[in-house]
Structures are given as C-alpha cells and as structure tokens.
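target_24.txt follows; it contains compact mmCIF, C-alpha atoms and all ligand atoms.
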# COMPACT_ATOMS: atom_id res chain seq x y z
CA MET C 1 0.00 0.00 0.00
CA ASN C 2 1.24 3.52 -0.69
CA LYS C 3 0.16 7.06 0.04
CA SER C 4 -2.34 7.22 -2.82
CA SER C 5 -4.30 4.29 -1.41
CA ARG C 6 -4.68 5.93 2.01
CA LYS C 7 -7.53 8.31 2.76
CA ALA C 8 -6.31 11.91 2.62
CA ILE C 9 -8.03 13.94 5.32
CA ILE C 10 -8.08 17.69 5.86
CA ALA C 11 -9.80 18.58 9.12
CA GLY C 12 -10.41 22.03 10.53
CA ASN C 13 -10.24 22.42 14.30
CA TRP C 14 -12.24 25.53 15.05
CA LYS C 15 -11.40 25.44 18.79
CA MET C 16 -13.54 27.90 20.84
CA ASN C 17 -14.56 30.05 17.89
CA LYS C 18 -17.77 30.95 16.02
CA THR C 19 -21.33 31.45 17.13
CA ARG C 20 -24.02 29.46 15.29
CA PRO C 21 -24.74 32.15 12.64
CA GLU C 22 -20.99 32.57 12.09
CA ALA C 23 -20.54 28.80 11.81
CA LYS C 24 -23.29 28.58 9.19
CA GLU C 25 -21.77 31.44 7.21
CA LEU C 26 -18.31 29.87 7.21
CA LEU C 27 -19.59 26.44 6.20
CA GLU C 28 -21.75 27.93 3.43
CA ALA C 29 -18.60 29.58 2.10
CA ILE C 30 -16.48 26.42 2.38
CA LYS C 31 -18.94 23.98 0.78
CA PRO C 32 -18.83 25.10 -2.87
CA LEU C 33 -15.07 25.68 -2.73
CA VAL C 34 -14.25 22.13 -1.64
CA ALA C 35 -16.97 20.28 -3.60
CA ASN C 36 -14.40 19.07 -6.14
CA ALA C 37 -12.53 17.19 -3.38
CA ASP C 38 -15.41 14.71 -3.09
CA GLY C 39 -14.06 11.18 -3.41
CA LYS C 40 -10.44 12.42 -3.33
CA VAL C 41 -9.96 14.11 0.04
CA GLU C 42 -12.14 13.81 3.15
CA VAL C 43 -12.98 17.33 4.30
CA ILE C 44 -13.99 17.76 7.94
CA ALA C 45 -14.89 20.67 10.18
CA CYS C 46 -14.48 19.95 13.90
CA VAL C 47 -16.59 22.55 15.65
CA PRO C 48 -17.61 23.50 19.21
CA PHE C 49 -20.41 21.40 20.72
CA THR C 50 -22.87 24.29 20.45
CA ASN C 51 -22.34 24.44 16.66
CA LEU C 52 -22.68 20.74 15.90
CA GLU C 53 -26.37 20.66 14.97
CA THR C 54 -26.11 23.87 12.92
CA ALA C 55 -23.01 22.51 11.17
CA ILE C 56 -24.62 19.16 10.40
CA ASN C 57 -27.69 20.87 8.91
CA ALA C 58 -25.56 23.33 6.94
CA THR C 59 -23.42 20.58 5.40
CA ALA C 60 -26.19 18.02 4.71
CA GLY C 61 -25.85 16.65 1.20
CA SER C 62 -22.33 18.07 0.79
CA ASN C 63 -18.93 16.40 1.05
CA VAL C 64 -18.05 18.30 4.25
CA LYS C 65 -18.18 16.05 7.30
CA ILE C 66 -18.59 17.27 10.87
CA GLY C 67 -16.50 16.40 13.90
CA ALA C 68 -16.57 17.31 17.59
CA GLU C 69 -13.56 18.57 19.52
CA ASN C 70 -13.81 16.17 22.46
CA VAL C 71 -15.91 13.32 23.85
CA HIS C 72 -16.30 11.79 27.30
CA PHE C 73 -15.48 8.12 27.88
CA GLU C 74 -18.50 7.15 29.98
CA LYS C 75 -21.80 6.32 28.30
CA SER C 76 -23.89 8.50 30.61
CA GLY C 77 -24.19 9.57 34.22
CA ALA C 78 -23.06 12.17 36.70
CA PHE C 79 -20.41 13.95 34.61
CA THR C 80 -21.58 17.55 34.61
CA GLY C 81 -20.52 19.45 31.52
CA GLU C 82 -19.47 16.38 29.53
CA ILE C 83 -20.83 14.98 26.23
CA SER C 84 -20.99 11.25 25.45
CA ALA C 85 -20.15 9.47 22.21
CA ASP C 86 -23.76 8.31 21.82
CA MET C 87 -24.93 11.92 22.04
CA LEU C 88 -22.57 12.86 19.21
CA VAL C 89 -23.57 9.89 17.05
CA GLU C 90 -27.25 10.67 17.54
CA LEU C 91 -26.61 14.18 16.19
CA GLY C 92 -24.89 12.82 13.07
CA VAL C 93 -21.30 13.57 14.07
CA GLU C 94 -18.72 11.32 12.33
CA TYR C 95 -15.33 12.36 13.71
CA VAL C 96 -13.98 13.53 17.05
CA VAL C 97 -10.67 15.13 17.99
CA ILE C 98 -9.16 13.42 21.04
CA GLY C 99 -6.13 14.42 23.10
CA HIS C 100 -5.49 17.79 21.47
CA SER C 101 -2.49 19.40 23.14
CA GLU C 102 -4.70 22.22 24.44
CA ARG C 103 -6.78 19.63 26.27
CA ARG C 104 -3.63 17.95 27.60
CA GLN C 105 -2.12 21.31 28.61
CA TYR C 106 -5.14 23.13 30.08
CA PHE C 107 -7.66 20.44 31.04
CA GLY C 108 -5.61 17.65 32.55
CA GLU C 109 -5.99 15.23 29.65
CA THR C 110 -3.62 12.27 30.03
CA ASP C 111 -2.72 9.35 27.79
CA GLU C 112 -4.97 7.21 29.97
CA THR C 113 -8.02 9.44 29.37
CA VAL C 114 -7.11 9.78 25.68
CA ASN C 115 -7.12 5.98 25.47
CA LYS C 116 -10.49 5.74 27.25
CA ARG C 117 -12.04 8.42 25.04
CA THR C 118 -10.65 6.76 21.90
CA LYS C 119 -12.14 3.40 22.83
CA ALA C 120 -15.49 4.96 23.76
CA ALA C 121 -15.60 6.86 20.46
CA LEU C 122 -14.80 3.74 18.44
CA ALA C 123 -17.34 1.64 20.33
CA ALA C 124 -20.04 4.18 19.46
CA GLY C 125 -19.06 4.31 15.78
CA LEU C 126 -17.18 7.64 15.80
CA LYS C 127 -13.85 8.00 14.01
CA PRO C 128 -11.27 9.43 16.44
CA ILE C 129 -8.58 11.89 15.40
CA VAL C 130 -5.99 11.18 18.09
CA CYS C 131 -3.45 13.97 18.59
CA VAL C 132 0.14 13.32 19.63
CA GLY C 133 3.15 15.60 19.72
CA GLU C 134 6.22 16.63 21.63
CA LEU C 135 6.92 19.80 23.60
CA LEU C 136 9.70 22.08 22.40
CA TRP C 137 11.79 21.09 25.40
CA GLU C 138 11.35 17.41 24.59
CA ARG C 139 12.51 18.04 21.00
CA GLU C 140 15.51 19.99 22.28
CA CYS C 141 16.38 17.08 24.62
CA ASN C 142 16.25 14.79 21.59
CA ILE C 143 13.50 12.58 22.96
CA THR C 144 10.81 13.29 20.32
CA GLU C 145 10.65 9.65 19.23
CA GLU C 146 10.42 8.37 22.82
CA VAL C 147 7.60 10.79 23.57
CA ILE C 148 5.67 9.96 20.40
CA ALA C 149 6.11 6.19 20.78
CA ARG C 150 4.88 6.34 24.36
CA GLN C 151 1.82 8.40 23.37
CA ILE C 152 0.93 6.11 20.46
CA LYS C 153 1.34 2.96 22.58
CA LEU C 154 -0.72 4.32 25.49
CA ASP C 155 -3.36 6.15 23.45
CA LEU C 156 -4.06 3.07 21.31
CA PHE C 157 -3.67 0.51 24.10
CA ASP C 158 -6.20 -2.30 23.65
CA VAL C 159 -7.48 -0.85 20.36
CA SER C 160 -7.82 -3.65 17.78
CA ALA C 161 -6.17 -3.47 14.36
CA ALA C 162 -9.61 -3.12 12.76
CA ASP C 163 -10.41 -0.14 15.00
CA ALA C 164 -6.94 1.36 14.54
CA LYS C 165 -7.67 1.51 10.79
CA LYS C 166 -10.71 3.70 11.57
CA THR C 167 -8.53 5.99 13.70
CA VAL C 168 -6.68 9.02 12.36
CA ILE C 169 -3.42 10.04 14.02
CA ALA C 170 -2.60 13.75 14.03
CA TYR C 171 1.07 14.56 14.62
CA GLU C 172 1.01 17.99 16.20
CA PRO C 173 4.30 19.22 17.64
CA VAL C 174 3.11 21.33 20.57
CA TRP C 175 5.62 24.08 19.79
CA ALA C 176 4.02 24.56 16.37
CA ILE C 177 0.37 24.88 17.42
CA GLY C 178 -0.99 28.39 17.11
CA THR C 179 2.53 29.80 17.26
CA GLY C 180 3.12 30.48 13.57
CA LYS C 181 6.14 28.12 13.84
CA THR C 182 5.68 25.19 11.47
CA ALA C 183 7.71 22.02 11.49
CA THR C 184 9.67 21.85 8.26
CA ALA C 185 8.29 19.38 5.77
CA ASP C 186 11.28 17.11 6.52
CA GLN C 187 10.67 17.28 10.29
CA ALA C 188 6.98 16.47 9.77
CA GLU C 189 7.80 13.57 7.43
CA GLU C 190 10.41 12.18 9.82
CA VAL C 191 7.98 11.98 12.75
CA CYS C 192 4.99 10.82 10.64
CA ALA C 193 7.19 8.02 9.25
CA PHE C 194 8.24 7.17 12.81
CA ILE C 195 4.59 7.03 13.86
CA ARG C 196 3.89 4.62 10.99
CA SER C 197 6.80 2.39 12.01
CA THR C 198 5.53 2.41 15.62
CA LEU C 199 2.06 1.40 14.38
CA ALA C 200 3.65 -1.41 12.37
CA LYS C 201 5.33 -2.71 15.54
CA ILE C 202 2.10 -2.56 17.54
CA TYR C 203 -0.05 -4.04 14.76
CA ASP C 204 1.47 -5.07 11.43
CA ASN C 205 2.67 -3.40 8.21
CA ALA C 206 -0.67 -3.61 6.44
CA THR C 207 -2.48 -1.92 9.33
CA ALA C 208 0.18 0.78 9.66
CA GLU C 209 0.08 1.46 5.93
CA ALA C 210 -3.70 1.87 6.02
CA ILE C 211 -3.81 4.48 8.80
CA THR C 212 -4.13 8.15 7.86
CA ILE C 213 -1.51 10.31 9.60
CA GLN C 214 -2.02 14.06 9.56
CA TYR C 215 0.37 16.87 10.35
CA GLY C 216 -0.93 19.82 12.38
CA GLY C 217 0.77 22.95 13.64
CA SER C 218 0.48 26.31 11.89
CA MET C 219 -0.28 24.65 8.54
CA ASN C 220 -1.48 27.38 6.23
CA ALA C 221 -2.12 28.31 2.61
CA LYS C 222 1.59 28.99 2.05
CA ASN C 223 3.26 25.94 3.59
CA CYS C 224 0.60 23.26 2.98
CA ALA C 225 1.73 22.05 -0.45
CA GLU C 226 5.25 21.17 0.73
CA LEU C 227 3.97 19.41 3.86
CA LEU C 228 1.22 17.47 2.09
CA ALA C 229 3.58 16.29 -0.64
CA LYS C 230 5.50 14.19 1.90
CA THR C 231 5.05 10.41 1.70
CA ASN C 232 3.80 9.88 5.24
CA VAL C 233 1.81 13.10 5.63
CA ASP C 234 -1.69 12.06 4.57
CA GLY C 235 -3.49 15.24 5.53
CA GLY C 236 -3.68 18.08 7.97
CA LEU C 237 -5.36 19.15 11.19
CA ILE C 238 -5.77 22.87 10.76
CA GLY C 239 -6.51 25.41 13.50
CA GLY C 240 -6.26 29.10 12.63
CA ALA C 241 -6.32 28.68 8.85
CA SER C 242 -9.54 26.62 9.02
CA LEU C 243 -11.45 29.75 10.10
CA LYS C 244 -10.93 31.39 6.70
CA ALA C 245 -12.78 29.68 3.84
CA ALA C 246 -10.25 30.65 1.16
CA ASP C 247 -7.21 29.51 3.18
CA PHE C 248 -8.88 26.27 4.23
CA ASN C 249 -9.79 25.61 0.61
CA THR C 250 -6.21 26.22 -0.52
CA ILE C 251 -5.12 23.48 1.89
CA VAL C 252 -7.86 21.12 0.65
CA GLN C 253 -6.80 21.76 -2.95
CA ALA C 254 -3.16 21.04 -2.07
CA ALA C 255 -4.28 17.71 -0.65
CA VAL C 256 -6.27 16.99 -3.81
CA GLN C 257 -3.01 17.53 -5.75
CA GLY C 258 -1.26 15.16 -3.33
C1 LIG T 1 -4.71 22.73 15.95
O1 LIG T 1 -5.50 23.37 16.62
O2 LIG T 1 -4.77 21.49 15.93
C2 LIG T 1 -3.69 23.45 15.18
C3 LIG T 1 -2.83 22.77 14.49
O3 LIG T 1 -3.74 24.83 15.28
P1 LIG T 1 -2.94 25.85 14.32
O4 LIG T 1 -3.13 25.37 12.90
O5 LIG T 1 -3.58 27.18 14.57
O6 LIG T 1 -1.51 25.81 14.72
If you took the structure in this file and wrote it as structure tokens, what would it be?
Amino acid sequence: MNKSSRKAIIAGNWKMNKTRPEAKELLEAIKPLVANADGKVEVIACVPFTNLETAINATAGSNVKIGAENVHFEKSGAFTGEISADMLVELGVEYVVIGHSERRQYFGETDETVNKRTKAALAAGLKPIVCVGELLWERECNITEEVIARQIKLDLFDVSAADAKKTVIAYEPVWAIGTGKTATADQAEEVCAFIRSTLAKIYDNATAEAITIQYGGSMNAKNCAELLAKTNVDGGLIGGASLKAADFNTIVQAAVQG
C-alpha cells in the first residue's frame, strides 16, 4: 500500500470560535469551494459542541463532514458538563478530535483518558482523530521519538487493528500549534514516518500502511503544499487557517493535488 491508497483527510479544528450564525456562514462559504474534493480528500470541520447541529444541517448533502472537539469516555451519568459518544452519534457527528495538546495542557488530559475516550468513540461508531506531539523542550532534549512512541502505545492501548484503521493520528508538535512556527516538511515527514513504524510494531505493516496520519501545527495556505507532498503526511489538522474559507480551501486543494 502507498500514500495514494490511504484516505487523505483535511480537518479544521475551530477550537472555541464561532457562534451558530458565524458557523453557518463559514460552512456555506467552504462547501462550494471544496466540492471538487469529493471522493479524493475527506474534508472535515471539527466545531464546538454548540455548533454541531447547525453545522450538520448546513453541510447536509455536501462532502463536508462534521466532527466534535472532544468526547467523554463514559456512556452516561453524573459527569456535569461532559458529552458522550452516543450523544454525538445521535446528532450525526462522524469524527472527534481526542487528546489535542490544548486539552492535555489546560484540562488535565492524560494518555490514559485519551485511550479511554478513543475506545469509547470507536465503540459508538465515531472515528477518532488522536493527537500526539512533543513539547519544544522534549525536542531539544532529543526525545521526540520516545515521547511519540509512548503516546501512540498508550493512546491506542487495547485498540484492535480493525479499530486502529478507523482511527486518524494527528502529529502535532506542541511548539508549532498556534505559534506560527511550522515544522519543516522534513521534520513532519520524519515523525509521521516514525509514527507509521511504531504502528507497524504494535499491529502489522498492512495496518500501519492503512492508517491516515495528519500533520498539524500552523499549517497554512503557504506551507501546505510542501507538507502534504510528503510520503507519510496524509493530511492536515488545521486550527487558525480553518477559520478562513479561502485559506482552508487552498489546503484542501493542495491535498487533492497530493
Ligand atoms: C490545531 O489546533 O490542531 C492546530 C494545528 O492549530 P494551528 O493550525 O492554529 O496551529
């Protein structure tokens, strides 16, 4: 299997941005721009919980899929403020971002909770986008591979090969998120290739080759083509640039080009 047989995925991560009318306006602008990617690149907008229903209605019948930005691991119960996987599925959500560095940094997310959320999402039929990435200090100490291997092993612990194939891995170096600092295309390729080799050790080559690995971290209209041309970079998880229809579309079109 090679890159062209893997699913290319460009996903926007809107974070805590956009009211419902603003979400509808942005999606209405994105839809016609990315329509030509249908069947070539999966286009996803991961939006705040409050925008999910609006986003699902606005994108009905289009090739834009909707994702959530987090999910709880329990099915239901006394977890004030949390949202379950079944609640997301019932709305029509298909994807969910899990373990974003902002959740790890500000909300106490650990590899153990990332693993629980990933398994809960898969059990409910959601496709998880599991985020991994090293801190700047960890890169400077030359332990990027150790950090990434540990995250992949823990985050996917007890996830079957069949479920791993439904899971997207987003490599997001923490020092590149929202900072304007992008990993070079070679740095991104090096770690994405390492992630694939780690997946091959956990599962097998065929499974590792089938899994979509995204790069995320200040990907934008200018740097996307070089990043997305790399063999092991199958797509992007896009923060800031996903809030502008034209920029997001430029990234989608770069992925269509491969
Ligand atoms: C992200 O939120 O996952 C992200 C990569 O953000 P940005 O593109 O703004 O760096």
field: Surroundings of ligand LIG 1 (chain T) up to 8 Å, based on all atoms listed in the file, as an MDAnalysis selection string
entry: chainID C and resid 12:15 100:102 172 176:180 182 215:220 237:242
query: Which residue out of C:Glu138, C:Asp186, C:Glu42, C:Glu28 has the minimum interatomic distance to Ala60 (chain C) when only C-alpha atoms are used?
result: C:Glu28
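Among the candidates C:Val159, C:Ala210, C:Val174, C:Ala246, the residue lying nearest to Ala8 (chain C) is C:Ala210 (atoms considered: only C-alpha atoms).
If all atoms listed in the file are the atoms counted, then among C:Glu74, C:Thr231, C:Asn223, C:Tyr171 the closest residue to Asp247 (chain C) is C:Asn223.
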- prompt: Which residue, C:Glu134, C:Glu69, C:Glu25, C:Glu189, has the smallest gap to Thr50 (chain C) when you use all atoms listed in the file?
  reply: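 Of C:Glu134, C:Glu69, C:Glu25, C:Glu189, the one nearest Thr50 (chain C) is C:Glu69, counting all atoms listed in the file.
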message: Residues near Lys31 (chain C), anyone? I mean within 7 Å using all atoms listed in the file, not counting same-chain ones fewer than 3 positions away, as number ranges by chain.
response: C: 27-28, 34-35, 62, 64
field: Cut-off 12 Å around (-8.4, 11.9, 31.2) with only C-alpha atoms: residues as an MDAnalysis selection string
entry: chainID C and resid 70:74 98:100 103:118 155
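Nearest to Asn63 (chain C) of all the residues C:Leu33, C:Ala193, C:Ala161, C:Val89 is C:Leu33, based on only C-alpha atoms.
Interatomic distance, CA of Asn142 (chain C) to CA of Ala164 (chain C): 27.7 Å.
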Between CA of Cys192 (chain C) and CA of Cys131 (chain C), distance in Å (one decimal):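 It comes out at 12.0 Å.
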- prompt: Mind pulling up the distance from CA of Ala255 (chain C) to CA of Ala185 (chain C)?
  reply: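 One can read the CA of Ala185 (chain C) to CA of Ala255 (chain C) distance as 14.2 Å.
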